[in-house]
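The structure appears right after this line, and notes come after that.
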Amino acid sequence: MPNISPFLDPGPLTTPDTLALVHLSRDNLQPVYLRNDVGAVDGYAEGAVINTRFGSFPHSTLINIPWGSQVRASVVDTGSRGRKKRKLGQVAESDVQDKDSENAASDAKPARGTMTASSGFIHILPPTPEIWTTSLPHRTQVVYTPDYSYILHRIRARPGMRLIEAGAGSGSFTHAAVRAVYNGYPKPSDEKKGKVFSFEFDKSRYEKMHEEVHAHGLNGLVQLTHRDVYNDGFLLDGESPEAECIFLDLPAPWRALPHLSRRRPKPIKLFGEDAAAPSSDDSEWKSPLRADRTAYICTFSPCIEQVTQTIDVMRQLGWMEIEMVEVAHRKIGVMRERFGLNMPNDRGANVTPGNVAEAVAKLREVENRFKEFHAQTQGEDADVIMEDGAIENGDPEDPRIIGKSNGKGDGKGDGKGDGKGKSRSNGEQHDRDSEDTSATKPWMLGRLVHRTEPELKTHTSYLVFAVLPQEWTEEQELAALEKWPCGKENKVIGSLDKEARKQEKRELLKGKKRKKELDSKAEGDGASSPKKSKTS
Ligand SMILES: C[S@@+](CC[C@H](N)C(=O)[O-])C[C@H]1O[C@@H](n2cnc3c(N)ncnc32)[C@H](O)[C@@H]1O
């Protein structure tokens, strides 16, 4: 039994030789393979060290601790490396003293066996497909979480499914797909388990991806093949992967579609012209799809021309329920918002009047100052007084100017032009606020609000979904006909008892008799009366 991939079950503690993610900030995560080195590595006496803007972190301080732990930076012994640096005059104090006040405020415990540096801290997180997507080394455009979560849902990727993916690219989708289909590692006895069959034709990307699959413990769950799927399709050593879900992230998905048929497809038309059909004769044709299940596909294309071409070929090949979707993803920020003229300049604080009383007080104050200035000011070269009460040398045309000063301030001692409205009345208000809020935890202050991102940052791609019904043979048709006979429904459905059937027959005869009588009556009438009336 192989070690379970940390993507599928990371366990409670960090372990050596596995992937971990160093969380520096919300959008800055650094992947690292934790190493349990003995002795100096790369000039560091502590062994392997991660250097970040928050300081240095020997791997030894990151191993065997609970996932999610906060770890403080260490003062590392740079050994020969340090000497070399000093010689070159490169040692900067910033080596341990950098940098970000948020991280410098850590209350994390000192690292074991090392001296804690004051430079900052990091968090150590277990790998998940989501954070791997944000931190992986990009070799291509990747599929992001909002798209792949929706795609995996629509193509019914669930534990035990077999999924074809082309191309593998940077492996972002691969990691999410393997987690979705995972239901255990296959045993050597060829047990069928959920699996991702991934195809990539760029040699260097294939090789890098191959290393990653191995390093992430995904052997047996991801089968990576170096192949041009347009020409060579999806069979593996001539055998079908028996896939139920397909995801194509290729520049020309329609060129791969003929290989994903149930039977050898007839030649298809591309842009109205005949295109070459897959190159094997009928006897050799094998479908890569599982015969007794519906196949679900998604293709991922950045432009609409590719979409129309894909859908055209899908229709020719018998795909059904074809639909295009674009995921328009917006982040929703949830925060606490506080209003008031005397708010400290914190995040979520709006220095504007928090209520009508504050607004009125502010207006009064501005008005009073205006009047005072008016009374005192006669000078030609006066400073200007702004709407918010600030005094500036300004452009006389500025619409925000509401008066002029003589350049000596407002004469009341509180008109220092700080624009923040810190007047006596506000001071009182501030005292009141402090009283009100002193009992409340700082993170509970203000109104809880949520806001969506004002605009969509990027268009990712158009998603085309379709289904291909399961294979349907003559034998299956006959078996279905026997089970649900067509055209003889009365004999089977709601089988009537003998008496009911007799009654039904009697009524039928009665109906027939009555019809006969009516017909003959109509004939008798028709033979005498209308003619009579005509002649008379
Ligand atoms: C946009 S990338 C895929 C990114 C991937 N889905 C991810 O999430 O990381 C497209 C990949 O398709 C590969 N590709 C293009 N044509 C191919 C073909 N005919 N057969 C196999 N792979 C192909 C490219 O080399 C490239 O790596």
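Here, A, B, ... name the chains of the structure tokens in the order displayed, residue numbers run from 1 inside each chain, and ligands are numbered from 1 in the same displayed order.
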Problem - All residues having an atom within 6 Å of ligand 1 (only C-alpha atoms and all ligand atoms) as a PyMOL selection string - result: chain A and resi 140-143+166-173+199-202+227-230+249-251
Those same residues, written as an mmCIF file, in the first residue's frame with C-alpha atoms?
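Once written, part26.cif looks like this:
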data_model
loop_
_atom_site.group_PDB
_atom_site.id
_atom_site.type_symbol
_atom_site.label_atom_id
_atom_site.label_comp_id
_atom_site.auth_asym_id
_atom_site.auth_seq_id
_atom_site.Cartn_x
_atom_site.Cartn_y
_atom_site.Cartn_z
ATOM 1 C CA THR A 140 0.814 27.003 -18.997
ATOM 2 C CA GLN A 141 -2.477 28.796 -18.436
ATOM 3 C CA VAL A 142 -4.201 26.833 -15.681
ATOM 4 C CA VAL A 143 -7.788 26.041 -14.800
ATOM 5 C CA ALA A 166 -6.122 16.381 -22.046
ATOM 6 C CA GLY A 167 -3.795 18.310 -21.894
ATOM 7 C CA ALA A 168 -2.345 18.033 -18.470
ATOM 8 C CA GLY A 169 -0.475 21.370 -18.690
ATOM 9 C CA SER A 170 0.552 22.459 -15.196
ATOM 10 C CA GLY A 171 -1.563 19.857 -13.440
ATOM 11 C CA SER A 172 -3.957 22.266 -11.759
ATOM 12 C CA PHE A 173 -7.085 20.451 -12.947
ATOM 13 C CA PHE A 199 -2.488 13.204 -21.687
ATOM 14 C CA GLU A 200 0.129 15.808 -22.531
ATOM 15 C CA PHE A 201 2.079 16.153 -25.727
ATOM 16 C CA ASP A 202 4.712 18.706 -24.700
ATOM 17 C CA ARG A 227 0.834 11.772 -26.498
ATOM 18 C CA ASP A 228 -0.675 13.925 -29.214
ATOM 19 C CA VAL A 229 -4.326 13.043 -28.685
ATOM 20 C CA TYR A 230 -5.450 14.626 -31.976
ATOM 21 C CA ASP A 249 -8.357 21.732 -22.270
ATOM 22 C CA LEU A 250 -6.842 21.764 -25.754
ATOM 23 C CA PRO A 251 -6.432 24.423 -28.422
#
Problem - Close residues, region 352-369 of chain A itself excluded, 6 Å, only C-alpha atoms, min 2 positions apart in chain, as number ranges by chain - result: A: 339-341, 350, 371-372, 389
Suppose we keep N, CA and C atoms; can you now write the selection as a compact mmCIF listing (two decimals), in the first residue's frame?
# COMPACT_ATOMS: atom_id res chain seq x y z
N PHE A 339 -18.35 53.73 10.98
CA PHE A 339 -18.42 55.11 10.50
C PHE A 339 -18.25 56.06 11.69
N GLY A 340 -17.70 57.20 11.47
CA GLY A 340 -17.60 58.20 12.53
C GLY A 340 -16.47 59.14 12.19
N LEU A 341 -16.62 60.40 12.63
CA LEU A 341 -15.61 61.39 12.30
C LEU A 341 -14.33 61.19 13.10
N ASN A 350 -14.48 54.26 8.34
CA ASN A 350 -14.79 55.36 7.41
C ASN A 350 -14.87 56.64 8.19
N LYS A 371 -18.23 81.81 9.31
CA LYS A 371 -18.69 83.13 9.77
C LYS A 371 -17.56 83.90 10.41
N GLU A 372 -16.80 83.16 11.27
CA GLU A 372 -15.69 83.82 11.97
C GLU A 372 -14.68 84.37 10.98
N GLY A 389 -13.45 72.22 6.10
CA GLY A 389 -12.92 73.04 7.17
C GLY A 389 -11.43 73.26 7.09
Exercise for the section: Select from region 221-388 of chain A everything DSSP, run on the backbone, classes as helix (DSSP H, G or I), then give the selection as a PyMOL selection string. Expected result: chain A and resi 229-232+253-260+282-284+304-316+356-376
Problem - Long-range neighbours of Thr308 (chain A) as number ranges by chain, 12 Å cut-off, only C-alpha atoms, 3 positions minimum in chain - result: A: 252-254, 270-271, 299, 301-305, 311-315, 322-324, 462-464
Serialized selection, C-alpha atoms, as a tab-separated table (two decimals), in the first residue's frame:
chain	number	residue	atom	x	y	z
A	252	ALA	CA	-8.64	22.40	-30.84
A	253	PRO	CA	-10.89	20.06	-28.85
A	254	TRP	CA	-12.90	19.13	-31.96
A	270	LEU	CA	-14.62	20.67	-40.26
A	271	PHE	CA	-15.49	24.18	-41.43
A	299	THR	CA	-14.32	21.32	-23.19
A	301	SER	CA	-12.00	27.13	-24.78
A	302	PRO	CA	-11.05	30.78	-24.43
A	303	CYS	CA	-12.81	32.05	-27.55
A	304	ILE	CA	-16.25	31.65	-29.07
A	305	GLU	CA	-15.01	30.51	-32.48
A	311	ILE	CA	-20.32	22.17	-30.90
A	312	ASP	CA	-20.57	21.61	-34.65
A	313	VAL	CA	-18.44	18.46	-34.38
A	314	MET	CA	-20.21	17.30	-31.20
A	315	ARG	CA	-23.53	17.39	-33.10
A	322	ILE	CA	-24.95	20.44	-25.56
A	323	GLU	CA	-24.70	23.59	-23.47
A	324	MET	CA	-22.21	26.41	-23.05
A	462	TYR	CA	-16.18	29.11	-22.16
A	463	LEU	CA	-17.20	25.69	-20.93
A	464	VAL	CA	-19.05	23.40	-23.33
Practice task
Looking only at strand (DSSP E) from DSSP on the backbone, list the matching residues of region 21-81 of chain A as number ranges by chain.
Solution key: A: 21-25, 28-33, 49-52, 55-58, 70-75
Give me, as JSON lines, each residue of region 118-237 of chain A that comes within 7 Å of region 46-60 of chain A, together with its shortest interatomic pair and the distance in Å at one decimal, counting only C-alpha atoms, with rows ordered by chain and rising residue number.
{"residue": "A:Ser119", "atom": "CA", "partner": "A:Gly55", "partner_atom": "CA", "distance": 5.4}
{"residue": "A:Gly120", "atom": "CA", "partner": "A:Phe54", "partner_atom": "CA", "distance": 4.7}
{"residue": "A:Phe121", "atom": "CA", "partner": "A:Phe54", "partner_atom": "CA", "distance": 6.1}
